[in-house]
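Enquirer: Below is the file upload.pdb, with PDB, C-alpha atoms and all ligand atoms.
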ATOM      1  CA  MET A   1     113.173 115.632  32.860
ATOM      2  CA  THR A   2     113.624 111.884  32.848
ATOM      3  CA  LYS A   3     116.528 110.748  35.001
ATOM      4  CA  LEU A   4     119.105 108.303  33.677
ATOM      5  CA  ALA A   5     120.635 105.737  35.993
ATOM      6  CA  PRO A   6     123.480 103.818  34.319
ATOM      7  CA  SER A   7     123.871 100.388  35.886
ATOM      8  CA  ILE A   8     127.510  99.535  36.512
ATOM      9  CA  LEU A   9     126.656  95.829  36.389
ATOM     10  CA  SER A  10     127.654  95.956  32.726
ATOM     11  CA  ALA A  11     130.732  98.149  33.264
ATOM     12  CA  ASP A  12     134.311  96.973  32.839
ATOM     13  CA  PHE A  13     135.586  96.778  36.413
ATOM     14  CA  ALA A  14     139.182  96.762  35.273
ATOM     15  CA  ARG A  15     138.502 100.341  34.118
ATOM     16  CA  ILE A  16     135.787 101.279  36.581
ATOM     17  CA  ALA A  17     137.186 104.700  37.552
ATOM     18  CA  GLU A  18     137.368 105.769  33.917
ATOM     19  CA  GLN A  19     133.919 104.364  33.132
ATOM     20  CA  ILE A  20     132.273 106.096  36.093
ATOM     21  CA  ALA A  21     133.993 109.393  35.253
ATOM     22  CA  ALA A  22     132.672 109.121  31.699
ATOM     23  CA  VAL A  23     129.021 108.656  32.662
ATOM     24  CA  ASP A  24     129.276 111.291  35.390
ATOM     25  CA  ALA A  25     130.563 113.853  32.918
ATOM     26  CA  ALA A  26     127.963 112.816  30.350
ATOM     27  CA  GLY A  27     125.209 113.732  32.801
ATOM     28  CA  ALA A  28     124.112 110.530  34.505
ATOM     29  CA  ASP A  29     121.627 111.418  37.247
ATOM     30  CA  TYR A  30     122.158 108.397  39.496
ATOM     31  CA  LEU A  31     124.681 105.590  39.545
ATOM     32  CA  HIS A  32     122.702 102.342  39.742
ATOM     33  CA  ILE A  33     124.529  99.705  41.780
ATOM     34  CA  ASP A  34     123.122  96.162  41.697
ATOM     35  CA  VAL A  35     123.726  94.066  44.789
ATOM     36  CA  MET A  36     123.096  90.318  44.335
ATOM     37  CA  ASP A  37     123.414  87.514  46.860
ATOM     38  CA  GLY A  38     123.091  84.298  44.848
ATOM     39  CA  ARG A  39     119.874  83.516  46.748
ATOM     40  CA  PHE A  40     117.268  86.083  45.809
ATOM     41  CA  VAL A  41     118.740  86.046  42.316
ATOM     42  CA  PRO A  42     120.964  83.458  40.622
ATOM     43  CA  ASN A  43     124.026  85.693  40.488
ATOM     44  CA  LEU A  44     126.540  87.396  42.771
ATOM     45  CA  THR A  45     127.992  90.889  42.716
ATOM     46  CA  TRP A  46     129.464  92.918  45.550
ATOM     47  CA  GLY A  47     128.934  94.106  49.093
ATOM     48  CA  PRO A  48     129.306  97.353  51.059
ATOM     49  CA  LYS A  49     133.126  97.458  50.782
ATOM     50  CA  VAL A  50     132.981  97.864  47.028
ATOM     51  CA  VAL A  51     130.253 100.508  47.321
ATOM     52  CA  ALA A  52     132.404 102.434  49.841
ATOM     53  CA  ASP A  53     135.373 102.315  47.470
ATOM     54  CA  LEU A  54     133.250 103.427  44.490
ATOM     55  CA  ARG A  55     131.974 106.303  46.628
ATOM     56  CA  LYS A  56     135.395 107.931  46.246
ATOM     57  CA  LEU A  57     134.941 108.009  42.470
ATOM     58  CA  SER A  58     131.670 109.910  42.074
ATOM     59  CA  PRO A  59     129.563 112.612  43.729
ATOM     60  CA  LYS A  60     126.359 111.384  42.022
ATOM     61  CA  PRO A  61     123.574 109.831  44.078
ATOM     62  CA  PHE A  62     124.246 106.118  44.559
ATOM     63  CA  ASP A  63     121.101 104.163  43.735
ATOM     64  CA  CYS A  64     121.639 100.778  45.401
ATOM     65  CA  HIS A  65     119.324  98.031  44.184
ATOM     66  CA  LEU A  66     119.430  95.207  46.705
ATOM     67  CA  MET A  67     118.514  91.869  45.159
ATOM     68  CA  ILE A  68     119.106  89.979  48.380
ATOM     69  CA  VAL A  69     117.062  88.001  50.890
ATOM     70  CA  GLU A  70     116.542  89.562  54.320
ATOM     71  CA  PRO A  71     117.609  93.035  53.123
ATOM     72  CA  GLU A  72     116.969  94.400  56.629
ATOM     73  CA  LYS A  73     120.262  92.787  57.683
ATOM     74  CA  PHE A  74     122.301  94.920  55.294
ATOM     75  CA  VAL A  75     120.681  98.318  54.785
ATOM     76  CA  ASP A  76     122.697  99.977  57.562
ATOM     77  CA  ALA A  77     125.958  98.759  56.034
ATOM     78  CA  PHE A  78     125.034 100.030  52.582
ATOM     79  CA  ARG A  79     123.986 103.378  54.007
ATOM     80  CA  GLU A  80     127.308 103.619  55.824
ATOM     81  CA  ALA A  81     129.079 102.741  52.588
ATOM     82  CA  GLY A  82     127.479 105.775  50.960
ATOM     83  CA  ALA A  83     124.224 104.640  49.374
ATOM     84  CA  ASP A  84     121.813 107.557  48.863
ATOM     85  CA  ILE A  85     118.847 105.514  47.663
ATOM     86  CA  ILE A  86     118.380 102.006  49.042
ATOM     87  CA  THR A  87     115.872  99.843  47.208
ATOM     88  CA  PHE A  88     114.907  96.369  48.370
ATOM     89  CA  HIS A  89     112.470  93.840  46.945
ATOM     90  CA  LEU A  90     108.957  93.429  48.316
ATOM     91  CA  GLU A  91     109.358  89.684  47.725
ATOM     92  CA  ALA A  92     112.492  89.524  49.883
ATOM     93  CA  THR A  93     111.173  90.725  53.214
ATOM     94  CA  VAL A  94     108.158  90.262  55.480
ATOM     95  CA  HIS A  95     108.012  93.769  56.949
ATOM     96  CA  ALA A  96     108.286  96.119  53.989
ATOM     97  CA  GLN A  97     106.747  99.146  55.689
ATOM     98  CA  ARG A  98     109.067  98.812  58.664
ATOM     99  CA  LEU A  99     112.085  98.583  56.386
ATOM    100  CA  LEU A 100     111.065 101.627  54.330
ATOM    101  CA  ALA A 101     110.738 103.639  57.539
ATOM    102  CA  HIS A 102     114.075 102.333  58.803
ATOM    103  CA  ILE A 103     115.921 103.272  55.596
ATOM    104  CA  LYS A 104     114.493 106.794  55.857
ATOM    105  CA  SER A 105     115.577 107.003  59.494
ATOM    106  CA  LEU A 106     119.136 106.409  58.259
ATOM    107  CA  GLY A 107     118.839 109.534  56.101
ATOM    108  CA  ALA A 108     118.599 107.672  52.789
ATOM    109  CA  LYS A 109     115.777 107.535  50.271
ATOM    110  CA  ALA A 110     113.782 104.351  50.579
ATOM    111  CA  GLY A 111     112.869 102.341  47.497
ATOM    112  CA  ILE A 112     110.777  99.226  46.988
ATOM    113  CA  SER A 113     110.942  96.973  43.942
ATOM    114  CA  ILE A 114     108.690  94.343  42.429
ATOM    115  CA  ASN A 115     109.598  91.431  40.180
ATOM    116  CA  PRO A 116     107.722  90.811  36.915
ATOM    117  CA  GLN A 117     105.242  88.389  38.516
ATOM    118  CA  THR A 118     104.343  90.637  41.468
ATOM    119  CA  PRO A 119     101.171  92.738  41.040
ATOM    120  CA  VAL A 120     101.532  96.514  41.390
ATOM    121  CA  GLU A 121      98.514  96.596  43.688
ATOM    122  CA  LEU A 122     100.608  94.968  46.439
ATOM    123  CA  LEU A 123     102.364  98.332  46.772
ATOM    124  CA  LYS A 124      99.155 100.204  47.535
ATOM    125  CA  ASP A 125      99.490 100.175  51.321
ATOM    126  CA  VAL A 126     103.143 101.204  51.394
ATOM    127  CA  ILE A 127     103.141 103.802  48.639
ATOM    128  CA  ASP A 128     103.062 106.710  51.110
ATOM    129  CA  ASP A 129     106.160 105.326  52.819
ATOM    130  CA  ALA A 130     108.257 104.920  49.674
ATOM    131  CA  ASP A 131     110.506 107.518  48.032
ATOM    132  CA  LEU A 132     110.938 105.306  44.992
ATOM    133  CA  VAL A 133     109.153 102.398  43.336
ATOM    134  CA  LEU A 134     111.231 100.188  41.044
ATOM    135  CA  VAL A 135     109.309  98.118  38.513
ATOM    136  CA  MET A 136     111.473  95.300  37.134
ATOM    137  CA  SER A 137     111.048  94.746  33.434
ATOM    138  CA  VAL A 138     113.187  91.589  33.457
ATOM    139  CA  ASN A 139     113.669  88.866  36.028
ATOM    140  CA  PRO A 140     116.486  90.353  38.075
ATOM    141  CA  GLY A 141     119.940  88.810  38.120
ATOM    142  CA  PHE A 142     121.652  89.647  34.856
ATOM    143  CA  GLY A 143     122.278  92.489  32.445
ATOM    144  CA  GLY A 144     121.441  92.246  28.782
ATOM    145  CA  GLN A 145     118.087  90.449  29.052
ATOM    146  CA  SER A 146     115.022  91.191  26.924
ATOM    147  CA  PHE A 147     112.370  93.614  28.156
ATOM    148  CA  ILE A 148     109.176  91.801  29.197
ATOM    149  CA  PRO A 149     106.374  93.613  27.280
ATOM    150  CA  ARG A 150     103.802  93.260  30.072
ATOM    151  CA  ALA A 151     106.039  95.521  32.182
ATOM    152  CA  LEU A 152     104.791  98.531  30.218
ATOM    153  CA  ASP A 153     101.303  98.016  31.625
ATOM    154  CA  LYS A 154     102.801  97.661  35.084
ATOM    155  CA  VAL A 155     104.626 100.965  34.698
ATOM    156  CA  ARG A 156     101.298 102.602  33.792
ATOM    157  CA  GLU A 157      99.642 100.953  36.797
ATOM    158  CA  ALA A 158     102.424 102.089  39.123
ATOM    159  CA  ARG A 159     102.207 105.633  37.710
ATOM    160  CA  ALA A 160      98.469 105.673  38.394
ATOM    161  CA  LEU A 161      98.980 104.349  41.919
ATOM    162  CA  ILE A 162     101.582 107.006  42.749
ATOM    163  CA  ASP A 163      99.516 109.808  41.215
ATOM    164  CA  ALA A 164      96.288 108.726  42.910
ATOM    165  CA  ALA A 165      98.033 108.743  46.284
ATOM    166  CA  TYR A 166      99.710 112.101  45.581
ATOM    167  CA  ALA A 167     102.791 110.280  46.782
ATOM    168  CA  ASP A 168     106.182 111.985  46.666
ATOM    169  CA  CYS A 169     107.709 108.971  45.014
ATOM    170  CA  GLU A 170     109.819 108.425  41.909
ATOM    171  CA  LEU A 171     108.983 105.638  39.488
ATOM    172  CA  GLU A 172     112.034 103.747  38.219
ATOM    173  CA  VAL A 173     112.122 100.992  35.611
ATOM    174  CA  ASP A 174     114.972  98.491  35.247
ATOM    175  CA  GLY A 175     115.826  95.804  32.739
ATOM    176  CA  GLY A 176     116.058  95.460  28.980
ATOM    177  CA  ILE A 177     115.735  99.175  28.255
ATOM    178  CA  GLY A 178     117.455 100.579  25.183
ATOM    179  CA  GLU A 179     116.908 102.873  22.252
ATOM    180  CA  ARG A 180     114.212 100.556  20.901
ATOM    181  CA  ASN A 181     111.819 100.907  23.849
ATOM    182  CA  LEU A 182     113.063 103.917  25.827
ATOM    183  CA  ARG A 183     110.376 106.297  24.642
ATOM    184  CA  GLN A 184     107.630 103.805  25.416
ATOM    185  CA  VAL A 185     108.928 103.331  28.966
ATOM    186  CA  VAL A 186     109.011 107.083  29.537
ATOM    187  CA  ALA A 187     105.583 107.570  27.952
ATOM    188  CA  ALA A 188     104.234 104.901  30.321
ATOM    189  CA  GLY A 189     105.253 107.098  33.237
ATOM    190  CA  ALA A 190     108.841 106.331  34.277
ATOM    191  CA  ASP A 191     110.711 109.109  36.089
ATOM    192  CA  VAL A 192     114.008 107.196  36.208
ATOM    193  CA  VAL A 193     115.285 104.681  33.658
ATOM    194  CA  VAL A 194     118.039 102.215  34.494
ATOM    195  CA  MET A 195     120.270 101.106  31.648
ATOM    196  CA  GLY A 196     123.172  98.715  31.884
ATOM    197  CA  SER A 197     124.151  97.105  28.611
ATOM    198  CA  ALA A 198     122.725  99.985  26.530
ATOM    199  CA  ILE A 199     125.334 102.251  28.139
ATOM    200  CA  PHE A 200     128.258 100.167  29.388
ATOM    201  CA  GLY A 201     127.877  97.505  26.726
ATOM    202  CA  THR A 202     128.884 100.060  24.111
ATOM    203  CA  PRO A 203     132.451 101.172  23.307
ATOM    204  CA  ASP A 204     131.645 104.754  24.399
ATOM    205  CA  PRO A 205     129.307 105.039  27.419
ATOM    206  CA  ALA A 206     129.340 108.851  27.330
ATOM    207  CA  ALA A 207     128.251 108.863  23.680
ATOM    208  CA  ALA A 208     125.512 106.361  24.562
ATOM    209  CA  ILE A 209     124.183 108.734  27.228
ATOM    210  CA  ALA A 210     124.257 111.651  24.796
ATOM    211  CA  ALA A 211     122.307 109.600  22.236
ATOM    212  CA  ILE A 212     119.750 108.562  24.863
ATOM    213  CA  ARG A 213     119.322 112.192  26.009
ATOM    214  CA  SER A 214     118.718 113.362  22.474
ATOM    215  CA  MET A 215     116.041 110.689  22.053
ATOM    216  CA  LEU A 216     114.223 112.100  25.072
ATOM    217  CA  ALA A 217     114.571 115.756  24.108
TER     218      ALA A 217
HETATM  219  C1  LIG A 301     119.216  93.277  36.518
HETATM  220  C2  LIG A 301     119.674  94.549  37.156
HETATM  221  C3  LIG A 301     119.759  95.657  36.206
HETATM  222  C4  LIG A 301     120.714  95.438  35.063
HETATM  223  C5  LIG A 301     120.049  96.025  33.861
HETATM  224  O1  LIG A 301     118.920  92.363  37.484
HETATM  225  O2  LIG A 301     118.819  94.935  38.217
HETATM  226  O3  LIG A 301     120.017  96.899  36.849
HETATM  227  O4  LIG A 301     121.978  96.016  35.211
HETATM  228  O5  LIG A 301     120.794  95.727  32.738
HETATM  229  P1  LIG A 301     120.215  95.915  31.278
HETATM  230  O6  LIG A 301     119.936  97.384  31.110
HETATM  231  O7  LIG A 301     121.340  95.439  30.416
HETATM  232  O8  LIG A 301     118.988  95.072  31.147
HETATM  233 ZN    ZN A 302     119.049  97.034  38.996
END
Re-express the file's structure as structure tokens.
Ligand code: DX5
Ligand code: ZN
Expert:
Amino acid sequence: MTKLAPSILSADFARIAEQIAAVDAAGADYLHIDVMDGRFVPNLTWGPKVVADLRKLSPKPFDCHLMIVEPEKFVDAFREAGADIITFHLEATVHAQRLLAHIKSLGAKAGISINPQTPVELLKDVIDDADLVLVMSVNPGFGGQSFIPRALDKVREARALIDAAYADCELEVDGGIGERNLRQVVAAGADVVVMGSAIFGTPDPAAAIAAIRSMLA
């Protein structure tokens, strides 16, 4: 079954406990937590302290998406804060294979992400080291952007790469996903779909999850 990963980037942080409880109860599989540094992406979010505090609110796997330069400097801190999956960007580091292995050595799942302009084939030589591949379907940095259509082909390419390698690796897609294109993204091969505004941008995030689940049934 396709996994749903609500992105709290679009949540109301004045009511974060209530919002997280709602998506937990509605059957979210992961909680997607976007970390931005104002350098790799033109926006800022939060660091390990906030992740550690959120950890008290939910037992779900924390899916931390690091949109930061030199991610190797921070993976230990995010693991300590309670991240279960730590995904960094291929474009943000020189030694991707080393970092994947290091994240696994911390006991977390290791994910690698590519921006819209980065070819899937650049993942070929690290696919056996990754627990998760995250294909960005927008330029990272903000919620509520439009899905870039070419990303669908990239999801198919990533699916083929993972399957050809018999890799034990989930395929996640992030950005601009909603009721309009959800089925296409899943049909292209996504195992995990991230949704921010389509869930937390609605008055009732739990109802949004229920509607999304029924679309995938
Ligand atoms: C964007 C983030 C996404 C974001 C998705 O840079 O990585 O996780 O929250 O938001 P939507 O679903 O609104 O495009
Ligand atoms: Zn994300």
Enquirer: Find the residues of chain A that sit at most 6 Å from ligand LIG 301 (chain A); for each, write down the nearest two atoms and how far apart they are in Å, to one decimal. Count all atoms listed in the file. Sort by chain, then by number going up, and give it as JSON lines.
Expert:
{"residue": "A:Ser7", "atom": "CA", "partner": "A:LIG301", "partner_atom": "O4", "distance": 4.8}
{"residue": "A:Leu9", "atom": "CA", "partner": "A:LIG301", "partner_atom": "O4", "distance": 4.8}
{"residue": "A:Asp34", "atom": "CA", "partner": "A:LIG301", "partner_atom": "O2", "distance": 5.7}
{"residue": "A:Pro140", "atom": "CA", "partner": "A:LIG301", "partner_atom": "O1", "distance": 3.2}
{"residue": "A:Gly141", "atom": "CA", "partner": "A:LIG301", "partner_atom": "O1", "distance": 3.8}
{"residue": "A:Phe142", "atom": "CA", "partner": "A:LIG301", "partner_atom": "O1", "distance": 4.7}
{"residue": "A:Gly143", "atom": "CA", "partner": "A:LIG301", "partner_atom": "O5", "distance": 3.6}
{"residue": "A:Gly144", "atom": "CA", "partner": "A:LIG301", "partner_atom": "O7", "distance": 3.6}
{"residue": "A:Gln145", "atom": "CA", "partner": "A:LIG301", "partner_atom": "O8", "distance": 5.2}
{"residue": "A:Asp174", "atom": "CA", "partner": "A:LIG301", "partner_atom": "O3", "distance": 5.5}
{"residue": "A:Gly175", "atom": "CA", "partner": "A:LIG301", "partner_atom": "O8", "distance": 3.6}
{"residue": "A:Gly176", "atom": "CA", "partner": "A:LIG301", "partner_atom": "O8", "distance": 3.7}
{"residue": "A:Ile177", "atom": "CA", "partner": "A:LIG301", "partner_atom": "O6", "distance": 5.4}
{"residue": "A:Met195", "atom": "CA", "partner": "A:LIG301", "partner_atom": "O6", "distance": 3.8}
{"residue": "A:Gly196", "atom": "CA", "partner": "A:LIG301", "partner_atom": "O6", "distance": 3.6}
{"residue": "A:Ser197", "atom": "CA", "partner": "A:LIG301", "partner_atom": "O7", "distance": 3.7}
{"residue": "A:Ala198", "atom": "CA", "partner": "A:LIG301", "partner_atom": "O6", "distance": 6.0}
Enquirer: As a short mmCIF file (atom, residue, chain, number, x, y, z; two decimals) with C-alpha atoms, in the frame of the given file, please: every protein or nucleic acid residue near ligand ZN 302 (chain A) (cut-off 12 Å, counting all atoms listed in the file).
Expert:
data_model
loop_
_atom_site.label_atom_id
_atom_site.label_comp_id
_atom_site.auth_asym_id
_atom_site.auth_seq_id
_atom_site.Cartn_x
_atom_site.Cartn_y
_atom_site.Cartn_z
CA ALA A 5 120.64 105.74 35.99
CA PRO A 6 123.48 103.82 34.32
CA SER A 7 123.87 100.39 35.89
CA ILE A 8 127.51 99.54 36.51
CA LEU A 9 126.66 95.83 36.39
CA SER A 10 127.65 95.96 32.73
CA TYR A 30 122.16 108.40 39.50
CA LEU A 31 124.68 105.59 39.54
CA HIS A 32 122.70 102.34 39.74
CA ILE A 33 124.53 99.70 41.78
CA ASP A 34 123.12 96.16 41.70
CA VAL A 35 123.73 94.07 44.79
CA MET A 36 123.10 90.32 44.34
CA VAL A 41 118.74 86.05 42.32
CA THR A 45 127.99 90.89 42.72
CA PHE A 62 124.25 106.12 44.56
CA ASP A 63 121.10 104.16 43.74
CA CYS A 64 121.64 100.78 45.40
CA HIS A 65 119.32 98.03 44.18
CA LEU A 66 119.43 95.21 46.70
CA MET A 67 118.51 91.87 45.16
CA ILE A 68 119.11 89.98 48.38
CA ILE A 86 118.38 102.01 49.04
CA THR A 87 115.87 99.84 47.21
CA PHE A 88 114.91 96.37 48.37
CA HIS A 89 112.47 93.84 46.94
CA GLY A 111 112.87 102.34 47.50
CA ILE A 112 110.78 99.23 46.99
CA SER A 113 110.94 96.97 43.94
CA ILE A 114 108.69 94.34 42.43
CA ASN A 115 109.60 91.43 40.18
CA LEU A 134 111.23 100.19 41.04
CA VAL A 135 109.31 98.12 38.51
CA MET A 136 111.47 95.30 37.13
CA SER A 137 111.05 94.75 33.43
CA VAL A 138 113.19 91.59 33.46
CA ASN A 139 113.67 88.87 36.03
CA PRO A 140 116.49 90.35 38.08
CA GLY A 141 119.94 88.81 38.12
CA PHE A 142 121.65 89.65 34.86
CA GLY A 143 122.28 92.49 32.44
CA GLY A 144 121.44 92.25 28.78
CA GLN A 145 118.09 90.45 29.05
CA GLU A 172 112.03 103.75 38.22
CA VAL A 173 112.12 100.99 35.61
CA ASP A 174 114.97 98.49 35.25
CA GLY A 175 115.83 95.80 32.74
CA GLY A 176 116.06 95.46 28.98
CA ILE A 177 115.74 99.18 28.26
CA VAL A 192 114.01 107.20 36.21
CA VAL A 193 115.28 104.68 33.66
CA VAL A 194 118.04 102.22 34.49
CA MET A 195 120.27 101.11 31.65
CA GLY A 196 123.17 98.72 31.88
CA SER A 197 124.15 97.10 28.61
#
Enquirer: Measure the distance from CA of Leu106 (chain A) to CA of Asp84 (chain A) in Å and round it to one decimal.
Expert: 9.8 Å
Enquirer: Which residue, A:Pro59, A:Ala108, A:Leu216, A:Ile85, has the smallest gap to Ala25 (chain A) when you use all atoms listed in the file?
Expert: A:Pro59
Enquirer: Report, in Å to a single decimal, how far apart CA of Ser58 (chain A) and CA of Ile16 (chain A) are.
Expert: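 Taking CA of Ile16 (chain A) as the start and CA of Ser58 (chain A) as the end point, the length is 11.0 Å.
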Enquirer: Could you check which of A:Ala167, A:Leu132, A:Met215, A:Ala158 is closest to Gln184 (chain A), using only C-alpha atoms?
Expert: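 Residue with the minimum atom-to-atom distance to Gln184 (chain A): A:Met215.
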Enquirer: Name every residue that the PyMOL selection byres (((chain A and resi 213) around 12) and not hetatm) selects in this structure, writing the answer as number ranges by chain with chains first and numbers rising.
Expert: A: 1-5, 26-29, 178-179, 182-183, 193, 199, 206-212, 214-217
Enquirer: Selection in question (the file shown): the PyMOL selection byres (((chain A and resi 51) around 9) and not hetatm). Which residues does it include, as a PyMOL selection string?
Expert: chain A and resi 33+46-50+52-55+62+64+78+81-83
Enquirer: Can you work out which one of A:Val186, A:Ala164, A:Ala130, A:Ala14 has the shortest atom-to-atom distance to Leu99 (chain A), counting only C-alpha atoms?
Expert: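 Of the candidates, the smallest distance to Leu99 (chain A) is held by A:Ala130.
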Enquirer: At a cut-off of 12 Å around the point (100.1, 105.3, 43.7) (file coordinates), what residues fall inside when counting all atoms listed in the file? I'd like the answer as a ChimeraX atom specification.
Expert: /A:120-133,154-171,189
Enquirer: Have region 111-123 of chain A completed to N, CA, C and O atoms, please, and pass it along as a compact mmCIF listing (two decimals), in the frame of the given file.
Expert:
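File written: part_27.txt
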# COMPACT_ATOMS: atom_id res chain seq x y z
N GLY A 111 113.52 102.85 48.69
CA GLY A 111 112.87 102.34 47.50
C GLY A 111 112.38 100.91 47.68
O GLY A 111 112.93 100.15 48.46
N ILE A 112 111.32 100.59 46.94
CA ILE A 112 110.78 99.23 46.99
C ILE A 112 110.58 98.75 45.55
O ILE A 112 110.10 99.50 44.70
N SER A 113 110.98 97.50 45.31
CA SER A 113 110.94 96.97 43.94
C SER A 113 110.05 95.75 43.86
O SER A 113 109.90 95.00 44.84
N ILE A 114 109.49 95.55 42.67
CA ILE A 114 108.69 94.34 42.43
C ILE A 114 109.18 93.62 41.17
O ILE A 114 109.49 94.23 40.16
N ASN A 115 109.23 92.30 41.29
CA ASN A 115 109.60 91.43 40.18
C ASN A 115 108.46 91.38 39.14
O ASN A 115 107.32 91.76 39.45
N PRO A 116 108.76 90.84 37.96
CA PRO A 116 107.72 90.81 36.92
C PRO A 116 106.43 90.10 37.31
O PRO A 116 105.36 90.47 36.82
N GLN A 117 106.48 89.11 38.19
CA GLN A 117 105.24 88.39 38.52
C GLN A 117 104.45 89.01 39.67
O GLN A 117 103.36 88.55 39.99
N THR A 118 104.99 90.06 40.29
CA THR A 118 104.34 90.64 41.47
C THR A 118 103.41 91.77 41.05
O THR A 118 103.83 92.72 40.38
N PRO A 119 102.12 91.69 41.45
CA PRO A 119 101.17 92.74 41.04
C PRO A 119 101.48 94.10 41.68
O PRO A 119 101.85 94.17 42.85
N VAL A 120 101.30 95.15 40.90
CA VAL A 120 101.53 96.51 41.39
C VAL A 120 100.65 96.82 42.60
O VAL A 120 101.05 97.54 43.51
N GLU A 121 99.45 96.24 42.61
CA GLU A 121 98.51 96.60 43.69
C GLU A 121 99.05 96.21 45.08
O GLU A 121 98.61 96.77 46.08
N LEU A 122 100.02 95.32 45.14
CA LEU A 122 100.61 94.97 46.44
C LEU A 122 101.40 96.12 47.05
O LEU A 122 101.79 96.07 48.22
N LEU A 123 101.63 97.16 46.25
CA LEU A 123 102.36 98.33 46.77
C LEU A 123 101.43 99.38 47.38
O LEU A 123 101.89 100.34 47.99
